[in-house]
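Novice: Structure provided below as structure tokens; questions to follow.
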Amino acid sequence: MPSPRHEEATTGAVSTAVHRAADLLLAATNSGQPCPPVRELFADGDIEAAYAVQRLTTERAVAAGHRLVGRKIGLTSLAVQRQLGVDQPDFGALLSHMAVPHAGLVPAGRLLQPRVEAEVALVLRADLPDPGCTVEDVVAATEFAVPALEIVDSRIDGWDISIVDTIADNASSGLFVLGEERVTPGQVDLSSVRMTLSRNDEPVSAGSGADCLGGPLNASVWLASTLARMGDPLRAGDIVLTGALGPMVTAEAGDVFATEISGLGTARIRFGTEGERA
């Protein structure tokens, strides 16, 4: 059995590694130069430490004046879970400076390695504090659903990520766009919606609600239950990005992306070119 002194030293080493990882990710954001994977700082598959990095970077962002406005769910694809050797989704924080208006512009250089995916977003009207959350609870707590684009990004060079890297890097979050149409959950079966994502008017990705853990509401139940068990539940007013409905697509300067999700509507974003003002 490890001695108390050994446990204290181990805890201190992990804490130091957490701060080191957070510093590397922040430096990559500020410099526009991706950093090496941070997983080398931790034991293999140390998800708990990865979330500690995420919490620290979120706290730093809030201290800098940004607001926590919701959460995103990642790794909702079983194929991607298998690729990274995990058996559950992950989550990240949505902050106020990450929101881009529908049909808005992402200035050149704003992100490091952007990729776009389409998904369903929920906006809550009530808290979800129960670790035993159900689909019915999520529906009752949801004010409306909207089509969304998530612009994922990685501060890790070449997207060379493991589960530890992506969680530490705020679930590879970048920006997000909400469409303008608002639909109450009872108006559409979110598990059966069909999604098409186009880049410069050419279809580049497709999928359905069922491709997101069997449905966006299922993914939201996982998130709500997980956060409630952690003592940090979803709150009224939160935005929930429920997970990709199809493969993500690399974005380049000048690209225009649009998604259409049946029963929900559209969301659109444009990536600016060098010298173009937002």
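Numbering starts fresh at 1 for the residues of each chain in the structure tokens, the chains themselves are lettered A, B, ... in the order given, and ligands are numbered from 1 as they appear.
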Hey, what's within 9 Å of region 231-238 of chain A if we count only C-alpha atoms and toss same-chain stuff fewer than 2 positions away? As a PyMOL selection string, please?
Specialist: chain A and resi 68-71+122-131+141-143+223-229+240
Novice: Can you pull out the residues contacting Ala210 (chain A)? Cut-off 12 Å, using only C-alpha atoms, and skip same-chain residues under 4 positions away; I want them as a VMD selection string.
Specialist: chain A and resid 76 to 78 119 to 120 189 to 195 206 214 to 219 242 to 246
Novice: What does the distance between CA of Thr58 (chain A) and CA of Asp46 (chain A) come to in Å, to one decimal place?
Specialist: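 We find that CA of Thr58 (chain A) and CA of Asp46 (chain A) lie 18.8 Å from each other.
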Novice: Any idea what the distance is between CA of Gly275 (chain A) and CA of Glu252 (chain A)?
Specialist: 14.7 Å
Novice: Measuring atom to atom with only C-alpha atoms, identify which of A:Val135, A:Leu112, A:Ala43, A:Val249 is nearest to Thr29 (chain A).
Specialist: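 So, comparing all the options, the nearest one is A:Leu112.
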